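S.K.: I am attaching a structure below and will ask some questions about it afterwards.
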Amino acid sequence: MGKLTIKDIAKKSGFSVSTVSNVINGKGKCSVETQEKIFNLMKEVGYKPNQAARTLVSKKSNLIGILFPVENDIFRKNNSYQKILNSITFELSKKSYDLVIGNNLKELDILEWSLKRDLEGIIIVGDIDTLKEKELKKLKIPIVFIDNYKNNLYGVNYINSDDTIGGFNATEILAKKSCENIAFVGSEDIEIHSRRYLGYQSALMEYSLGEERLYLDQPTYEGGLALGEAISQTDIDGLCIASDIMAFGIISSLLKNGKKIPEDIKIIGFDNNDSCQYTTPTLSSVDLNFSTKGIVAVQMIFDEIEGKTFLRNQSIDLNIVLRESAGNKNY
């Protein structure tokens with residue numbers, strides 16, 4: 001059998017060529033049932049549509065997809081994700097490629113999305129669930145994960161930081177600044193927070209600081225506000241916080257409850273959000289070099305596109321930016 005065409009899909013599906021074309025290109029008003037039937041048939045027979053005439057000629061769409069498996073409000077408030085987007089977009093522009101953002105990952109059929117947009121590669125930031133992992137296994141294009149520790153897919157590139165070392169180093173700095181009762185703040189079921197917590201635990205042992213103090217809530221400003229209320233009633237004098245967003249809420253709550261920062265409590269967050277330098281006091285934070293991760297992700301995608309098929313797991317260096325919240329006046 002020769003190469004399938006859009007006419008073949010129309011004949012097999014029972015719809016007109018124009019309807020199939022509209023579904024493939026996201027045009028017109030077709031029912032969800034019609035779209036599902038056509039896409040399911042395309043997957044069944046292995047038909048891969050090209051997005052535009054330029055694709056028919058060059059066999060390339062010049063499109064790379066990106067997915068953020070996080071809630072929309074967290075994405076919107078987290079400047080770190082924007083750093084990744086900016087660096088990826090800039091690097092792709094050098095190669096005349098565009099970036100396509102996949103929305104509503106929980107309901108998104110990754111295979112269908114990839115076929116519809118004729119993506120040449122996909123970058124995924126964070127962990128995904130096992131159902132989505134199965135969808136990825138069906139793809140035959142380069143895939144790069146950024147900050148993913150839970151999934152372990154064969155044939156996929158991974159870019160991470162050593163979050164355990166980050167947790168250790170942040171706690172170590174607090175210990176060296178004479179903090180004796182250091183607590184860790186994070187969120188349940190977030191793997192990178194768990195790894196940072198392991199680093200915190202190791203530093204406590206290294207400096208003989210006694211019992212662990214763990215505070216958990218949602219990775220949001222509101223979650224930080226709630227925890228700040230409880231922390232303000234304790235003798236805690238140091239905080240290693242796994243998210244700057246949470247740290248902002250905690251600082252606000254601590255100040256309202258009469259705590260002085262850094263005199264009473266010294267604080268180090270994670271992500272080095274741009275807002276860290278504008279808070280009062282300014283927030284010390286572990287910089288995970290998100291822009292570099294975006295650049296390396298694009299390099300990995302094109303290594304495979306250009307035939308350099310070796311796969312890599314790459315760790316990006318992190319560094320701690322010390323500001324007023326950790327007792328540094330000059331930064």
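By convention here, the chains of the structure tokens are called A, B, ... in the order presented, each chain's residues are numbered starting at 1, and ligands are numbered starting at 1 in the order presented.
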Show which residues sit within 12 Å of Glu36 in chain A, as number ranges by chain. Count only C-alpha atoms, and ignore same-chain residues fewer than 3 positions away.
M.R.: A: 13, 20, 23-24, 30-33, 39-44, 109, 112-113
S.K.: Give me, as a PyMOL selection string, all polymer residues having an atom no more than 7 Å from Ser284 in chain A, counting only C-alpha atoms and skipping those fewer than 5 positions away in the same chain.
M.R.: chain A and resi 267-269+321-326
S.K.: Applying 10 Å and only C-alpha atoms, which residues near Ser194 in chain A remain after dropping the ones on its own chain fewer than 4 positions away? List them as JSON, numbers by chain.
M.R.: {"A": [163, 164, 167, 186, 187, 188, 189, 190, 198, 199, 200, 242]}
S.K.: Among range 129-170 of chain A, which residues carry a DSSP assignment of alpha helix (DSSP H), reported as number ranges by chain?
M.R.: A: 130-137, 163-170
S.K.: Residues of range 283-325 of chain A that have any atom at most 12 Å from an atom of range 88-94 of chain A: could you tabulate them with the shortest-distance atom pair and the distance in Å to one decimal, using only C-alpha atoms, ordered by chain and increasing number, as JSON lines?
M.R.:
{"residue": "A:Phe290", "atom": "CA", "partner": "A:Ile88", "partner_atom": "CA", "distance": 10.2}
{"residue": "A:Ser291", "atom": "CA", "partner": "A:Ile88", "partner_atom": "CA", "distance": 7.9}
{"residue": "A:Thr292", "atom": "CA", "partner": "A:Ile88", "partner_atom": "CA", "distance": 9.3}
{"residue": "A:Lys293", "atom": "CA", "partner": "A:Ile88", "partner_atom": "CA", "distance": 8.7}
{"residue": "A:Gly294", "atom": "CA", "partner": "A:Ile88", "partner_atom": "CA", "distance": 4.9}
{"residue": "A:Ile295", "atom": "CA", "partner": "A:Ile88", "partner_atom": "CA", "distance": 5.9}
{"residue": "A:Val296", "atom": "CA", "partner": "A:Ile88", "partner_atom": "CA", "distance": 8.8}
{"residue": "A:Ala297", "atom": "CA", "partner": "A:Ile88", "partner_atom": "CA", "distance": 7.6}
{"residue": "A:Val298", "atom": "CA", "partner": "A:Ile88", "partner_atom": "CA", "distance": 6.4}
{"residue": "A:Gln299", "atom": "CA", "partner": "A:Glu91", "partner_atom": "CA", "distance": 8.6}
{"residue": "A:Met300", "atom": "CA", "partner": "A:Ile88", "partner_atom": "CA", "distance": 11.6}
{"residue": "A:Ile301", "atom": "CA", "partner": "A:Leu92", "partner_atom": "CA", "distance": 10.3}
{"residue": "A:Phe302", "atom": "CA", "partner": "A:Leu92", "partner_atom": "CA", "distance": 9.7}
S.K.: Please compute the CA of Glu180 in chain A-CA of Tyr197 in chain A distance, one decimal, in Å.
M.R.: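 Separation between CA of Glu180 in chain A and CA of Tyr197 in chain A: 17.0 Å.
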S.K.: Any idea what's packed within 12 Å of Gly14 in chain A, counting only C-alpha atoms, ignoring anything in its chain fewer than 6 positions away? Could you give it as number ranges by chain?
M.R.: A: 7-8, 20, 34, 37-38, 41
S.K.: With distances taken over only C-alpha atoms, which residue among A:Gly126, A:Gly65, A:Pro142, A:Gly121 lies nearest Tyr81 in chain A?
M.R.: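 Nearest candidate to Tyr81 in chain A out of A:Gly126, A:Gly65, A:Pro142, A:Gly121: A:Gly126.
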S.K.: Under the rule that only C-alpha atoms are counted, which of A:Ile146, A:Val100, A:Val17, A:Met246 is the nearest residue to Leu288 in chain A?
M.R.: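 Looking only at the distances to Leu288 in chain A, the closest residue turns out to be A:Ile146.
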S.K.: Taking only range 231-319 of chain A into account, list the residues labelled strand (DSSP E or B) by DSSP (computed from the backbone), as a list in words.
M.R.: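 So the strand (DSSP E or B) residues in range 231-319 of chain A would be Gly238, Leu239, Cys240, Ile241, Lys266, Ile267, Ile268, Gly269, Phe270, Ser284, Ser285, Val286, Asp287, Asn313, Gln314, Ser315 and Asn319 of chain A.
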S.K.: Output C-alpha atoms of each residue in that selection to a file, as a JSON list (two decimals), in the first residue's frame.
M.R.:
[["chain", "number", "residue", "atom", "x", "y", "z"],
["A", 238, "GLY", "CA", 16.74, 29.40, 60.30],
["A", 239, "LEU", "CA", 14.59, 28.35, 57.35],
["A", 240, "CYS", "CA", 15.56, 26.38, 54.25],
["A", 241, "ILE", "CA", 12.52, 26.84, 51.98],
["A", 266, "LYS", "CA", 17.47, 33.77, 58.64],
["A", 267, "ILE", "CA", 15.96, 32.46, 55.40],
["A", 268, "ILE", "CA", 17.18, 30.91, 52.15],
["A", 269, "GLY", "CA", 14.75, 29.94, 49.37],
["A", 270, "PHE", "CA", 15.03, 28.10, 46.06],
["A", 284, "SER", "CA", 18.58, 34.83, 49.58],
["A", 285, "SER", "CA", 17.95, 31.94, 47.19],
["A", 286, "VAL", "CA", 19.48, 28.93, 45.45],
["A", 287, "ASP", "CA", 19.83, 29.78, 41.75],
["A", 313, "ASN", "CA", 21.80, 13.00, 31.46],
["A", 314, "GLN", "CA", 23.23, 16.39, 32.29],
["A", 315, "SER", "CA", 23.46, 18.13, 35.65],
["A", 319, "ASN", "CA", 24.78, 28.56, 43.14]]
